[in-house]
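See below for the structure under consideration.
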Amino acid sequence: MTKNTGMYASVLGGAALVLGVAYGWTARDYRGEELETLSETLRQLEARNATLAAQIAESDGLEGRIEELEASLAAALQAVEDAQLAAAPPETAAEAAAAESQDTTEVVQTVALEFGDPARGEEVFGQCRSCHQIGQGAEDRIGPHLNGIFGRRAGMHDGFRYSDDMAMMGADGLTWELETLNAYLENPKALVSRTRMNFAGLKDPQDRADILAYLRQFSASPQNIPEAAPTAQAREVELSPEVLQLVGDTDYGEYLASECKTCHQQDGSDQGIPSITQWPTEDFVVAMHAYKRKIRPHPVMQMMANRLSDEEIAALAAYFAQLE
Amino acid sequence: MKLNRRVFVGTGMAAATSLSAPMVHAASHGKPKVVVVGGGAGGATAARYIAKDSAGEIDVTLIEPSRSYYTCFFSNLYIGGFRELDSIAHSYGTLASDYGINVVHDWATGVDRDARTVALAGGGSVPYDRLILSPGIDFVEGSVPGWDVSAQNAMPHAYKGGSQTELLKAQIMAMPEGGTYVMVAPPNPYRCPPGPYERVSMVAHVLKANNPSAKIIIADPKANFSKQGLFEEGWQKHYPGMITRIGPDFGGENVSVDPEAMTVDIDGEVINADVVNVIPAQKAGLICGAAGLTEGNWAPVSGHTMQSRMDENIHILGDATNQGDMPKSGFSANSQAKVAAMAVRGALTGSRVFPAKFSNTCWSLIDTDNGVKVGATYEATDEKIAKVDGFVSQTGEDAALRKATYEESIGWYQGITSDMFG
């Protein structure tokens, strides 16, 4: 049973990788539609897998069905590979794309990727800033800092606690380049199924092109990190230093947190509801005050934050920051 | 106390080792003893929090007759085809193996409040220093003339999770083309205020796909109901012409049934029905009455600690209580359990006690990716648990928000069931 489950997990991982590759390819491949269809099949298989995984927890008579599923997954993977082989021209896909750059929209998109507008990208990056820092002095927050992201191996940045799936993708060889970042930004969970990054994705290719152009300025190649921080790290709400420096009572925080844990799971699962475990203290405090002042929109969170005092918010922040 | 054949320990890895000496162990210990009756959203949560936070200083025994617990919340989604029945079933294995809770699968039949013991249907009794009762609901006899629990196979209530839910779904799927489903809705107060109306939405969803000329009739004794504007907007949009609700001004409170003839009499008009879903008037789970802890149909409690107003050694949680402004819901019971767990630990081990805070949110699904919610926060006053603040989804919200609300409810289900069962 355990062995079977492990095998099934690794097949899933492989499926996610191939799916990711398939995503990268669609940007410059003439048979993108075929791959989309196959990707959809894979997504459906993944959904079936998730259902099965839930059933495995309840029952141990499912080996037969797991084998069946593994077989169908393997067949689907083979089909994707075959389609890619068939679709790829003899020279590399990129060369082929360059040769035909006049008449396909996919290639226009690639060009847009190459020549996105970094100034506009900085604006688009605003929605990433509550979790990711970039530029001089950038540190890991909810998400890792993004200096030098180009060429960085996924899930391998020292000192950051990645989701298991992201770590596995890195171990399997995923490296952040133009194409992989583009696929990840378009639909994070399509590339890394259970990534902790709780972001729906940027559907507009121009948004992605611009943000990638912005991010590239902070990678060693093609440009060095600028001497001065490009933008001040504006907070969502202005808080007095006293409020930011309150030291929370973790015992009280633990009691108050029991209310949060009805919805936010301690183990970091984030299906439908984001994880708040190990959130950096200051980010937690800023976010809760943003809900309390109704700057952030969610009605449940506005209500929950509304009755918390500054001390109670500090207590919760202190407790969740240290939670394993 | 002697080991009885009907006293079993929970399933899971701990079962084999614990079975050799389940209750004897607790009874011979010098540690304070907490007994929890009922393994739902209130009881399972309270048992887990006391065991977890006391780190072995308190012996916790959980008495619950079912080995597999089917949550009432999300059981409507099973009826609508959005969940498998297995996905809402939970075992007590982790509470036994990882939290060291003595899980006893038996019925608690009575409480000797002077001797501080709980009697079990299987014989024997369990001693306690503090008792937590979280028995859920039972039905008020005679509230729907013609119906009693012996008729629950012909006319299911499906208002406790598990086999009743399965039966109701099977009956709906077997309805003849163009058949009639009648719901007899309950009077206030009752478990899960939006529950009957979410159920109607889910029944409509499956009938629309399988039996689109079928009809749904609701006989309702209440003038208004939870999230009414949201449900009525959704029914108009997704199931036009399928659902008729007969409120009290048209005789919806004057209903009797004949389970043999499968008829429902609504204010003198007799309807031949194919499925009759009778949700009777409700009262606190039987053990509360048996222990002399009820006033009227419910058990009054203090909001500060969830202690019974009649016995300070007994805390009562969830649907069975009369506590004030909180709705009877799994979320409420889970919230109350944490306040009770803190109070019980404080009383038995001197751990820190903080002011009681409560909250509740109820999500309902109207159709695919069309979720709505209502919620509030509460605080304890000397008189009752009093509402502080609240919100409800708005009519006319866009599809993306409704989808996000539904996805949020799936996340909540994962969260609360992990919070209950470990």
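In the structure tokens, chains take the letters A, B, ... in the order shown, each chain's residues start at 1, and ligands count up from 1 in the order shown.
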Q.
If the cut-off is 7 Å, can you tell me the residues of chain A near chain B, counting only C-alpha atoms? I'd like them as a ChimeraX atom specification.
A. /A:54,258-259,261-265,271-273,299,303
Just to be explicit: take each residue in the selection above, keep N, CA, C and O atoms, and write the result as a short mmCIF file (atom, residue, chain, number, x, y, z; two decimals), in the first residue's frame.
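Printed below is part.cif as written:
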data_model
loop_
_atom_site.label_atom_id
_atom_site.label_comp_id
_atom_site.auth_asym_id
_atom_site.auth_seq_id
_atom_site.Cartn_x
_atom_site.Cartn_y
_atom_site.Cartn_z
N ALA A 54 -8.22 10.68 -1.65
CA ALA A 54 -9.11 10.82 -0.51
C ALA A 54 -9.65 9.46 -0.11
O ALA A 54 -9.76 9.11 1.06
N SER A 258 -7.09 29.39 17.81
CA SER A 258 -7.97 28.23 17.65
C SER A 258 -9.16 28.61 16.78
O SER A 258 -9.71 27.79 16.06
N GLU A 259 -9.55 29.88 16.84
CA GLU A 259 -10.66 30.34 16.00
C GLU A 259 -10.25 30.38 14.52
O GLU A 259 -11.03 30.05 13.64
N LYS A 261 -8.10 28.48 13.11
CA LYS A 261 -7.80 27.14 12.59
C LYS A 261 -9.05 26.37 12.16
O LYS A 261 -8.93 25.29 11.58
N THR A 262 -10.22 26.88 12.46
CA THR A 262 -11.42 26.25 11.91
C THR A 262 -11.37 26.28 10.39
O THR A 262 -11.85 25.36 9.73
N CYS A 263 -10.75 27.31 9.83
CA CYS A 263 -10.68 27.42 8.37
C CYS A 263 -9.24 27.31 7.83
O CYS A 263 -9.01 26.64 6.84
N HIS A 264 -8.31 27.99 8.47
CA HIS A 264 -6.91 27.97 8.00
C HIS A 264 -6.20 26.77 8.60
O HIS A 264 -6.01 26.70 9.82
N GLN A 265 -5.77 25.86 7.74
CA GLN A 265 -5.19 24.63 8.28
C GLN A 265 -3.75 24.83 8.72
O GLN A 265 -2.95 25.44 8.02
N GLN A 271 -6.16 24.96 0.07
CA GLN A 271 -7.23 24.81 -0.92
C GLN A 271 -8.39 25.74 -0.56
O GLN A 271 -9.02 25.56 0.48
N GLY A 272 -8.64 26.74 -1.40
CA GLY A 272 -9.77 27.63 -1.18
C GLY A 272 -9.55 28.67 -0.10
O GLY A 272 -10.14 29.73 -0.13
N ILE A 273 -8.70 28.38 0.87
CA ILE A 273 -8.42 29.28 1.99
C ILE A 273 -6.91 29.30 2.19
O ILE A 273 -6.29 28.25 2.32
N PRO A 299 -15.22 39.66 3.48
CA PRO A 299 -16.14 39.99 4.58
C PRO A 299 -15.89 39.18 5.86
O PRO A 299 -16.06 39.70 6.94
N MET A 303 -14.69 40.94 9.35
CA MET A 303 -15.45 40.74 10.59
C MET A 303 -14.55 40.21 11.71
O MET A 303 -14.62 40.67 12.85
#
**Q.** Spatial neighbours of segment 262-275 of chain B, 9 Å, only C-alpha atoms, chain gap at least 5 places, as a ChimeraX atom specification
**A.** /B:154-156,168,171-172,174-176,179-184,219,246,250-257
Q) Could you pull out all residues of segment 295-419 of chain B with a DSSP call of helix (DSSP H, G or I) and give them as a ChimeraX atom specification? A) /B:318-320,330-349,399-419
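Across the model, the gap from atom CA of Gln282 of chain B to atom CA of Leu230 of chain B is 25.1 Å.
The closest residue to Gly42 of chain B, picked from B:Ala151, B:Leu401, B:Ala341, B:Leu167 and counting only C-alpha atoms, is B:Ala341.
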Q | Closest of B:Ile314, B:Val35, B:Pro145, B:Ser66 to Pro127 of chain B - atom-to-atom distances counting only C-alpha atoms | A |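 Among the listed residues, the smallest separation from Pro127 of chain B belongs to B:Val35.
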Q: Fewer than 2 positions away in the same chain doesn't count, so skip those; otherwise give me all residues within 10 Å of segment 286-293 of chain B, counting only C-alpha atoms, as an NGL selection string.
A: :B and (37 or 107-113 or 118 or 133-139 or 283-284 or 295-301 or 308-311 or 314 or 316 or 320-321)
**Q.** Residue neighbourhood Pro118 of chain A, 7 Å, only C-alpha atoms, exclusion window fewer than 4 positions, as a VMD selection string
**A.** chain A and resid 122 210 to 211 213 to 214
**Q.** Nearest-residue call for Leu316 of chain A, choices A:Glu254, A:Asp165, A:Glu46, A:Glu282, using only C-alpha atoms
**A.** A:Glu254
Q: Please run DSSP on the backbone and report, as a VMD selection string, all residues within segment 266-376 of chain B that come out as strand (DSSP E).
A: chain B and resid 266 269 to 272 275 to 278 282 to 284 299 to 300 314 to 316 321 to 322 357 to 367 370 to 376
Can you tell me, as an mmCIF file with all heavy atoms, in the first residue's frame, what residues are no more than 9 Å from Asp249 of chain A when counting only C-alpha atoms, ignoring any on the same chain fewer than 2 positions away?
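This went into part.cif:
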data_model
loop_
_atom_site.group_PDB
_atom_site.id
_atom_site.type_symbol
_atom_site.label_atom_id
_atom_site.label_comp_id
_atom_site.auth_asym_id
_atom_site.auth_seq_id
_atom_site.Cartn_x
_atom_site.Cartn_y
_atom_site.Cartn_z
ATOM 1 N N VAL A 247 4.996 43.354 21.121
ATOM 2 C CA VAL A 247 5.424 41.955 21.199
ATOM 3 C C VAL A 247 4.239 41.122 21.660
ATOM 4 O O VAL A 247 3.683 41.369 22.734
ATOM 5 C CB VAL A 247 6.611 41.798 22.155
ATOM 6 C CG1 VAL A 247 6.988 40.328 22.290
ATOM 7 C CG2 VAL A 247 7.799 42.609 21.646
ATOM 8 N N ASP A 251 0.854 32.674 24.211
ATOM 9 C CA ASP A 251 -0.183 31.851 24.857
ATOM 10 C C ASP A 251 -1.575 32.349 24.477
ATOM 11 O O ASP A 251 -2.462 31.575 24.118
ATOM 12 C CB ASP A 251 -0.056 31.911 26.390
ATOM 13 C CG ASP A 251 1.069 31.032 26.894
ATOM 14 O OD1 ASP A 251 1.690 30.341 26.055
ATOM 15 O OD2 ASP A 251 1.329 31.044 28.112
ATOM 16 N N TYR A 252 -1.729 33.664 24.591
ATOM 17 C CA TYR A 252 -3.013 34.254 24.206
ATOM 18 C C TYR A 252 -3.236 34.028 22.709
ATOM 19 O O TYR A 252 -4.336 33.685 22.268
ATOM 20 C CB TYR A 252 -2.993 35.742 24.554
ATOM 21 C CG TYR A 252 -4.326 36.444 24.445
ATOM 22 C CD1 TYR A 252 -5.528 35.739 24.559
ATOM 23 C CD2 TYR A 252 -4.397 37.822 24.235
ATOM 24 C CE1 TYR A 252 -6.746 36.386 24.475
ATOM 25 C CE2 TYR A 252 -5.616 38.478 24.144
ATOM 26 C CZ TYR A 252 -6.787 37.748 24.257
ATOM 27 O OH TYR A 252 -7.999 38.406 24.160
ATOM 28 N N GLY A 253 -2.163 34.200 21.951
ATOM 29 C CA GLY A 253 -2.237 33.969 20.508
ATOM 30 C C GLY A 253 -2.703 32.560 20.190
ATOM 31 O O GLY A 253 -3.496 32.348 19.281
ATOM 32 N N GLU A 254 -2.234 31.597 20.958
ATOM 33 C CA GLU A 254 -2.629 30.208 20.700
ATOM 34 C C GLU A 254 -4.136 30.030 20.906
ATOM 35 O O GLU A 254 -4.802 29.376 20.114
ATOM 36 C CB GLU A 254 -1.850 29.247 21.609
ATOM 37 C CG GLU A 254 -2.234 27.801 21.353
ATOM 38 C CD GLU A 254 -1.341 26.796 22.044
ATOM 39 O OE1 GLU A 254 -0.572 27.223 22.939
ATOM 40 O OE2 GLU A 254 -1.410 25.609 21.694
ATOM 41 N N GLU A 311 -3.183 44.481 20.507
ATOM 42 C CA GLU A 311 -2.447 43.453 21.256
ATOM 43 C C GLU A 311 -2.839 42.051 20.779
ATOM 44 O O GLU A 311 -2.006 41.150 20.707
ATOM 45 C CB GLU A 311 -2.720 43.568 22.764
ATOM 46 C CG GLU A 311 -2.078 44.765 23.439
ATOM 47 C CD GLU A 311 -2.781 46.092 23.138
ATOM 48 O OE1 GLU A 311 -3.942 46.069 22.663
ATOM 49 O OE2 GLU A 311 -2.160 47.144 23.357
ATOM 50 N N GLU A 312 -4.117 41.890 20.497
ATOM 51 C CA GLU A 312 -4.577 40.563 20.052
ATOM 52 C C GLU A 312 -4.018 40.234 18.666
ATOM 53 O O GLU A 312 -3.638 39.085 18.401
ATOM 54 C CB GLU A 312 -6.110 40.505 20.073
ATOM 55 C CG GLU A 312 -6.639 40.444 21.505
ATOM 56 C CD GLU A 312 -8.151 40.592 21.610
ATOM 57 O OE1 GLU A 312 -8.766 41.247 20.739
ATOM 58 O OE2 GLU A 312 -8.712 40.071 22.580
ATOM 59 N N ALA A 314 -1.197 41.337 17.542
ATOM 60 C CA ALA A 314 0.220 41.027 17.783
ATOM 61 C C ALA A 314 0.386 39.621 18.351
ATOM 62 O O ALA A 314 1.319 38.883 17.985
ATOM 63 C CB ALA A 314 0.821 42.057 18.738
ATOM 64 N N ALA A 315 -0.541 39.223 19.237
ATOM 65 C CA ALA A 315 -0.472 37.882 19.834
ATOM 66 C C ALA A 315 -0.641 36.806 18.757
ATOM 67 O O ALA A 315 0.092 35.808 18.725
ATOM 68 C CB ALA A 315 -1.544 37.731 20.917
ATOM 69 N N LEU A 316 -1.605 37.029 17.863
ATOM 70 C CA LEU A 316 -1.828 36.064 16.777
ATOM 71 C C LEU A 316 -0.615 35.994 15.851
ATOM 72 O O LEU A 316 -0.184 34.906 15.446
ATOM 73 C CB LEU A 316 -3.063 36.472 15.964
ATOM 74 C CG LEU A 316 -4.407 36.089 16.565
ATOM 75 C CD1 LEU A 316 -5.527 36.812 15.847
ATOM 76 C CD2 LEU A 316 -4.608 34.579 16.478
ATOM 77 N N ALA A 318 2.474 36.684 16.537
ATOM 78 C CA ALA A 318 3.590 36.020 17.218
ATOM 79 C C ALA A 318 3.386 34.506 17.225
ATOM 80 O O ALA A 318 4.327 33.732 17.014
ATOM 81 C CB ALA A 318 3.711 36.538 18.647
ATOM 82 N N TYR A 319 2.140 34.086 17.453
ATOM 83 C CA TYR A 319 1.874 32.651 17.516
ATOM 84 C C TYR A 319 2.044 31.987 16.137
ATOM 85 O O TYR A 319 2.744 30.971 16.002
ATOM 86 C CB TYR A 319 0.450 32.409 18.045
ATOM 87 C CG TYR A 319 0.052 30.953 17.940
ATOM 88 C CD1 TYR A 319 0.610 30.000 18.790
ATOM 89 C CD2 TYR A 319 -0.846 30.526 16.968
ATOM 90 C CE1 TYR A 319 0.274 28.660 18.682
ATOM 91 C CE2 TYR A 319 -1.181 29.190 16.850
ATOM 92 C CZ TYR A 319 -0.619 28.265 17.704
ATOM 93 O OH TYR A 319 -0.936 26.937 17.587
#
